$ cat query-v1.csv   # CSV, C-alpha atoms
chain,number,residue,atom,x,y,z
Y,549,MET,CA,2.4,-1.5,4.2
Y,550,LEU,CA,2.2,-1.9,0.4
Y,551,GLU,CA,-1.0,-1.0,-1.2
Y,552,PRO,CA,-2.2,-4.0,-3.3
Y,553,MET,CA,-2.2,-1.8,-6.4
Y,554,ASN,CA,-2.0,1.8,-7.1
Y,555,GLU,CA,-4.4,3.5,-9.5
Y,556,LEU,CA,-2.1,3.1,-12.5
Y,557,ASP,CA,-1.7,-0.6,-11.8
Y,558,GLU,CA,-5.5,-1.0,-11.6
Y,559,VAL,CA,-6.0,0.7,-14.9
Y,560,TRP,CA,-3.2,-1.4,-16.5
Y,561,SER,CA,-4.7,-4.6,-15.1
Y,562,GLN,CA,-8.2,-3.6,-16.5
Y,563,LYS,CA,-6.6,-2.8,-19.9
Y,564,LEU,CA,-4.9,-6.1,-20.1
Y,565,SER,CA,-8.1,-7.9,-19.2
Y,566,ASP,CA,-10.0,-6.1,-21.9
Y,567,ALA,CA,-7.3,-6.8,-24.4
Y,568,LEU,CA,-7.3,-10.5,-23.5
Y,569,ILE,CA,-11.1,-10.7,-24.1
Y,570,GLN,CA,-10.7,-8.9,-27.4
Y,571,ALA,CA,-7.9,-11.2,-28.5
Y,572,GLN,CA,-10.0,-14.3,-27.6
Y,573,THR,CA,-13.0,-12.9,-29.4
Y,574,ALA,CA,-11.0,-12.2,-32.5
Y,575,GLY,CA,-9.5,-15.7,-32.5
Y,576,ARG,CA,-6.0,-14.4,-31.8
Y,577,GLY,CA,-4.9,-17.2,-29.5
Y,578,ASP,CA,-1.2,-16.2,-29.7
Y,579,VAL,CA,-2.0,-12.7,-28.4
Y,580,ALA,CA,-4.4,-14.1,-25.8
Y,581,ASP,CA,-1.7,-16.5,-24.6
Y,582,TYR,CA,0.8,-13.7,-24.3
Y,583,LEU,CA,-1.6,-11.5,-22.4
Y,584,ALA,CA,-2.6,-14.3,-20.0
Y,585,LEU,CA,1.1,-15.0,-19.4
Y,586,ARG,CA,1.7,-11.3,-18.7
Y,587,ALA,CA,-1.2,-11.1,-16.3
Y,588,SER,CA,0.0,-14.2,-14.5
Y,589,ASN,CA,3.5,-12.9,-14.2
Y,590,ASP,CA,2.3,-9.5,-12.9
Y,591,ALA,CA,0.3,-11.4,-10.2
Y,592,LEU,CA,3.4,-13.4,-9.2
Y,593,ARG,CA,5.5,-10.2,-9.1
Y,594,GLN,CA,3.0,-8.3,-6.9
Y,595,THR,CA,2.6,-11.2,-4.5
Y,596,SER,CA,6.3,-11.9,-4.3
Y,597,VAL,CA,7.3,-8.2,-3.7
Y,598,LYS,CA,4.5,-7.9,-1.1
Y,599,TRP,CA,5.9,-11.1,0.7
Y,600,LEU,CA,9.4,-9.6,0.7
Y,601,PHE,CA,8.3,-6.3,2.3
Y,602,ASP,CA,5.8,-7.9,4.7
Y,603,SER,CA,8.3,-10.4,5.9
Y,604,LEU,CA,10.9,-7.7,6.7
Y,605,LEU,CA,8.4,-5.4,8.3
Y,606,GLU,CA,7.1,-8.3,10.5
Y,607,ILE,CA,10.6,-8.8,11.8
Y,608,ALA,CA,10.9,-5.1,12.5
Y,609,ALA,CA,7.5,-5.0,14.2
Y,610,PHE,CA,8.5,-7.9,16.5
Y,611,ALA,CA,11.7,-6.0,17.4
Y,612,ASN,CA,9.7,-2.8,18.2
Y,613,ARG,CA,7.3,-4.8,20.4
Y,614,ASN,CA,10.3,-5.9,22.3
Y,615,GLY,CA,11.8,-2.5,23.0
Y,616,GLY,CA,13.3,-1.6,19.6
Y,617,SER,CA,13.0,1.9,18.4
Y,618,ILE,CA,13.0,1.3,14.7
Y,619,ALA,CA,11.4,4.0,12.5
Y,620,LEU,CA,9.9,3.0,9.2
Y,621,GLU,CA,9.6,5.1,6.0
Y,622,THR,CA,7.8,3.7,2.9
Y,623,GLU,CA,7.2,4.8,-0.6
Y,624,ASN,CA,4.9,3.2,-3.2
Y,625,SER,CA,5.4,3.9,-6.9
Y,626,HIS,CA,9.1,4.1,-6.2
Y,627,ARG,CA,11.4,4.3,-9.3
Y,628,PHE,CA,15.0,3.1,-9.1
Y,629,ALA,CA,17.8,2.3,-11.5
Y,630,PHE,CA,19.2,-1.2,-11.8
Y,631,GLY,CA,22.0,-1.4,-14.4
Y,632,ASN,CA,20.6,0.3,-17.5
Y,633,SER,CA,17.0,-0.3,-16.6
Y,634,THR,CA,14.5,1.6,-14.6
Y,635,LEU,CA,12.4,-0.4,-12.2
Y,636,VAL,CA,9.1,0.6,-10.7
Y,637,GLY,CA,8.0,-0.8,-7.3
Y,638,ALA,CA,8.2,0.0,-3.7
Y,639,LEU,CA,10.8,1.1,-1.1
Y,640,ALA,CA,11.0,0.8,2.7
Y,641,ARG,CA,13.7,2.2,5.0
Y,642,LEU,CA,14.2,1.0,8.5
Y,643,ARG,CA,16.1,3.5,10.7
Y,644,GLN,CA,17.6,3.2,14.1
Y,645,GLY,CA,19.9,6.0,15.1
Y,646,VAL,CA,22.4,6.3,12.3
Y,647,ARG,CA,21.8,2.8,11.0
Y,648,CYS,CA,19.6,2.4,7.9
Y,649,LEU,CA,18.4,-0.7,6.0
Y,650,THR,CA,16.7,0.1,2.7
Y,651,ILE,CA,14.8,-2.4,0.7
Y,652,GLU,CA,13.5,-1.7,-2.8
Y,653,ALA,CA,11.9,-4.1,-5.3
Y,654,GLY,CA,10.1,-3.7,-8.6
Y,655,TRP,CA,10.2,-4.5,-12.3
Y,656,THR,CA,10.2,-2.8,-15.6
Y,657,ARG,CA,6.8,-1.6,-16.7
Y,658,THR,CA,7.3,-0.2,-20.2
Y,659,PRO,CA,9.7,-0.9,-23.1
Y,660,ALA,CA,11.4,2.4,-22.4
Y,661,ASP,CA,12.3,1.1,-18.9
Y,662,GLY,CA,14.7,-1.5,-20.4
Y,663,PHE,CA,14.7,-5.1,-19.5
Y,664,MET,CA,15.6,-7.3,-16.5
Y,665,ARG,CA,18.5,-9.6,-17.0
Y,666,GLY,CA,18.8,-13.3,-16.0
Y,667,GLY,CA,15.2,-14.2,-16.6
Y,668,ALA,CA,14.1,-12.2,-13.6
Y,669,LEU,CA,10.4,-11.4,-13.1
Y,670,ALA,CA,11.3,-8.7,-10.5
Y,671,ILE,CA,14.4,-7.4,-8.9
Y,672,GLY,CA,15.1,-6.3,-5.3
Y,673,ARG,CA,17.9,-4.7,-3.4
Y,674,LEU,CA,18.8,-4.6,0.3
Y,675,SER,CA,21.2,-1.8,1.1
Y,676,HIS,CA,22.9,-1.3,4.5
Y,677,PHE,CA,23.9,2.4,5.0
Y,678,GLY,CA,27.7,2.5,5.6
Y,679,ILE,CA,28.3,-1.2,5.4
Y,680,SER,CA,27.9,-1.9,1.7
Y,681,LYS,CA,29.7,-5.3,2.0
Y,682,HIS,CA,26.3,-6.6,3.3
Y,683,ASP,CA,24.3,-5.2,0.4
Y,684,VAL,CA,22.5,-7.8,-1.7
Y,685,GLU,CA,20.7,-7.9,-5.1
Y,686,LEU,CA,17.7,-10.1,-5.3
Y,687,PHE,CA,16.1,-11.7,-8.4
Y,688,LEU,CA,12.6,-13.2,-8.5
Y,689,VAL,CA,12.8,-16.1,-10.8
Y,690,LEU,CA,10.7,-19.1,-11.6
Y,691,GLU,CA,12.4,-22.4,-10.7
Y,692,ASN,CA,10.5,-25.6,-11.2
Y,693,ASP,CA,7.3,-23.5,-12.0
Y,694,SER,CA,7.6,-21.9,-8.5
Y,695,PRO,CA,8.6,-18.3,-7.9
Y,696,GLY,CA,11.4,-17.6,-5.5
Y,697,TRP,CA,13.8,-14.8,-4.5
Y,698,PHE,CA,17.4,-15.5,-5.2
Y,699,ALA,CA,20.5,-13.5,-4.0
Y,700,SER,CA,23.3,-13.1,-6.5
Y,701,ASP,CA,26.9,-13.0,-5.4
Y,702,LYS,CA,29.8,-11.2,-7.2
Y,703,ASN,CA,30.4,-14.3,-9.4
Y,704,GLY,CA,26.8,-14.4,-10.6
Y,705,ARG,CA,26.0,-17.5,-8.5
Y,706,ARG,CA,22.5,-17.5,-7.1
Y,707,SER,CA,21.2,-18.9,-3.8
Y,708,LEU,CA,17.7,-19.0,-2.4
Y,709,PHE,CA,16.8,-16.0,-0.3
Y,710,ASP,CA,14.2,-16.5,2.3
Y,711,SER,CA,12.9,-15.1,5.6
Y,712,ARG,CA,16.0,-16.5,7.4
Y,713,ASN,CA,18.2,-14.4,5.1
Y,714,LEU,CA,16.0,-11.4,5.8
Y,715,ASN,CA,16.4,-11.9,9.6
Y,716,GLU,CA,20.2,-12.1,9.1
Y,717,HIS,CA,20.1,-8.7,7.3
Y,718,PHE,CA,18.0,-7.3,10.1
Y,719,GLN,CA,20.6,-8.5,12.6
Y,720,VAL,CA,23.3,-6.8,10.6
Y,721,PHE,CA,21.1,-3.6,10.6
Y,722,LEU,CA,20.8,-3.8,14.4
Y,723,GLY,CA,24.6,-4.4,14.8
Y,724,THR,CA,24.2,-7.8,16.4
Y,725,ASN,CA,25.7,-9.8,13.6

$ encode --input "query-v1.csv" --output "structure tokens"
Amino acid sequence: MLEPMNELDEVWSQKLSDALIQAQTAGRGDVADYLALRASNDALRQTSVKWLFDSLLEIAAFANRNGGSIALETENSHRFAFGNSTLVGALARLRQGVRCLTIEAGWTRTPADGFMRGGALAIGRLSHFGISKHDVELFLVLENDSPGWFASDKNGRRSLFDSRNLNEHFQVFLGTN
């Protein structure tokens, strides 16, 4: 569903790679370390956002193979507001009749986009049309040097968010939960 990278991401990746080589050649270890960290974080973000979307779409595809009539809309290079920040990423909408489950995930790309709170590498959101009490905000964070999606509750407590949670949201979307 998600393209691995759009053209702008490819250009950005190449520019970072070129800058890293130049920094290493110029003996600027501090700049080279920063650029290497940036490239590593971008790879984690892309992989984790792809996992989030692919997992939900796999659940929907299984339902469709078993008689579901779920329509799918996707948008790459999606921009959305999160607090005072603008995030760039992807969006998918699952529709069945009047029900709609929207998933969007991304991260800030430029300083003008703002910053992501809570040490997040990426931020996602699952929205249930008409039943906002089931909406959830997701934060991709490194915990024990391993990336993971975490859901945040109203009190700011975070809990691991995995494919089981995605399935629960899908059941809410279907009206079976």

$ atom_distance --input "query-v1.csv" --atom1 "atom CA of Ala584 of chain Y" --atom2 "atom CA of Leu686 of chain Y"
25.4 Å

$ atom_distance --input "query-v1.csv" --atom1 "atom CA of Trp655 of chain Y" --atom2 "atom CA of Pro695 of chain Y"
14.6 Å

$ atom_distance --input "query-v1.csv" --atom1 "atom CA of Ala670 of chain Y" --atom2 "atom CA of Arg712 of chain Y"
20.1 Å

$ closest_residue --input "query-v1.csv" --among "Y:Asn692, Y:Ser596, Y:Asn624, Y:Gln644" --to "Phe709 of chain Y" --atoms "all atoms listed in the file"
Y:Ser596

$ closest_atom_pairs --input "query-v1.csv" --of "segment 638-687 of chain Y" --to "segment 612-622 of chain Y" --cutoff "12 Å" --atoms "only C-alpha atoms" --output "tab-separated table"
residue	atom	partner	partner_atom	distance
Y:Ala638	CA	Y:Thr622	CA	7.6
Y:Leu639	CA	Y:Thr622	CA	5.6
Y:Ala640	CA	Y:Thr622	CA	4.3
Y:Arg641	CA	Y:Glu621	CA	5.1
Y:Leu642	CA	Y:Leu620	CA	4.8
Y:Arg643	CA	Y:Ala619	CA	5.1
Y:Gln644	CA	Y:Ile618	CA	5.0
Y:Gly645	CA	Y:Ile618	CA	8.4
Y:Val646	CA	Y:Ile618	CA	10.9
Y:Arg647	CA	Y:Ile618	CA	9.7
Y:Cys648	CA	Y:Ala619	CA	9.5
Y:Leu649	CA	Y:Leu620	CA	9.8
Y:Thr650	CA	Y:Glu621	CA	9.3
Y:Ile651	CA	Y:Thr622	CA	9.5
Y:Glu652	CA	Y:Thr622	CA	9.7

$ build_atoms --input "query-v1.csv" --residues "segment 704-723 of chain Y" --atoms "N, CA and C atoms" --output "CSV table (one decimal), in the frame of the given file"
chain,number,residue,atom,x,y,z
Y,704,GLY,N,28.0,-14.1,-9.9
Y,704,GLY,CA,26.8,-14.4,-10.6
Y,704,GLY,C,26.1,-15.7,-10.1
Y,705,ARG,N,26.6,-16.3,-9.1
Y,705,ARG,CA,26.0,-17.5,-8.5
Y,705,ARG,C,24.8,-17.1,-7.7
Y,706,ARG,N,23.7,-17.8,-7.8
Y,706,ARG,CA,22.5,-17.5,-7.1
Y,706,ARG,C,22.2,-18.5,-6.0
Y,707,SER,N,21.7,-18.0,-4.9
Y,707,SER,CA,21.2,-18.9,-3.8
Y,707,SER,C,19.9,-18.4,-3.3
Y,708,LEU,N,19.1,-19.3,-2.9
Y,708,LEU,CA,17.7,-19.0,-2.4
Y,708,LEU,C,17.8,-18.0,-1.3
Y,709,PHE,N,16.9,-17.0,-1.4
Y,709,PHE,CA,16.8,-16.0,-0.3
Y,709,PHE,C,15.5,-16.1,0.3
Y,710,ASP,N,15.4,-16.3,1.6
Y,710,ASP,CA,14.2,-16.5,2.3
Y,710,ASP,C,14.1,-15.7,3.6
Y,711,SER,N,13.1,-16.0,4.4
Y,711,SER,CA,12.9,-15.1,5.6
Y,711,SER,C,14.1,-15.3,6.6
Y,712,ARG,N,14.8,-16.4,6.6
Y,712,ARG,CA,16.0,-16.5,7.4
Y,712,ARG,C,17.1,-15.5,7.0
Y,713,ASN,N,17.2,-15.4,5.7
Y,713,ASN,CA,18.2,-14.4,5.1
Y,713,ASN,C,17.8,-13.0,5.5
Y,714,LEU,N,16.5,-12.7,5.4
Y,714,LEU,CA,16.0,-11.4,5.8
Y,714,LEU,C,16.3,-11.1,7.3
Y,715,ASN,N,16.1,-12.1,8.1
Y,715,ASN,CA,16.4,-11.9,9.6
Y,715,ASN,C,17.9,-11.7,9.8
Y,716,GLU,N,18.8,-12.4,9.0
Y,716,GLU,CA,20.2,-12.1,9.1
Y,716,GLU,C,20.6,-10.7,8.7
Y,717,HIS,N,19.9,-10.1,7.7
Y,717,HIS,CA,20.1,-8.7,7.3
Y,717,HIS,C,19.6,-7.8,8.4
Y,718,PHE,N,18.5,-8.2,9.0
Y,718,PHE,CA,18.0,-7.3,10.1
Y,718,PHE,C,19.0,-7.3,11.2
Y,719,GLN,N,19.6,-8.5,11.5
Y,719,GLN,CA,20.6,-8.5,12.6
Y,719,GLN,C,21.8,-7.6,12.3
Y,720,VAL,N,22.2,-7.6,11.0
Y,720,VAL,CA,23.3,-6.8,10.6
Y,720,VAL,C,22.9,-5.3,10.8
Y,721,PHE,N,21.7,-5.0,10.4
Y,721,PHE,CA,21.1,-3.6,10.6
Y,721,PHE,C,21.2,-3.2,12.1
Y,722,LEU,N,20.8,-4.1,13.0
Y,722,LEU,CA,20.8,-3.8,14.4
Y,722,LEU,C,22.3,-3.8,15.0
Y,723,GLY,N,23.2,-4.3,14.3
Y,723,GLY,CA,24.6,-4.4,14.8
Y,723,GLY,C,24.9,-5.6,15.7
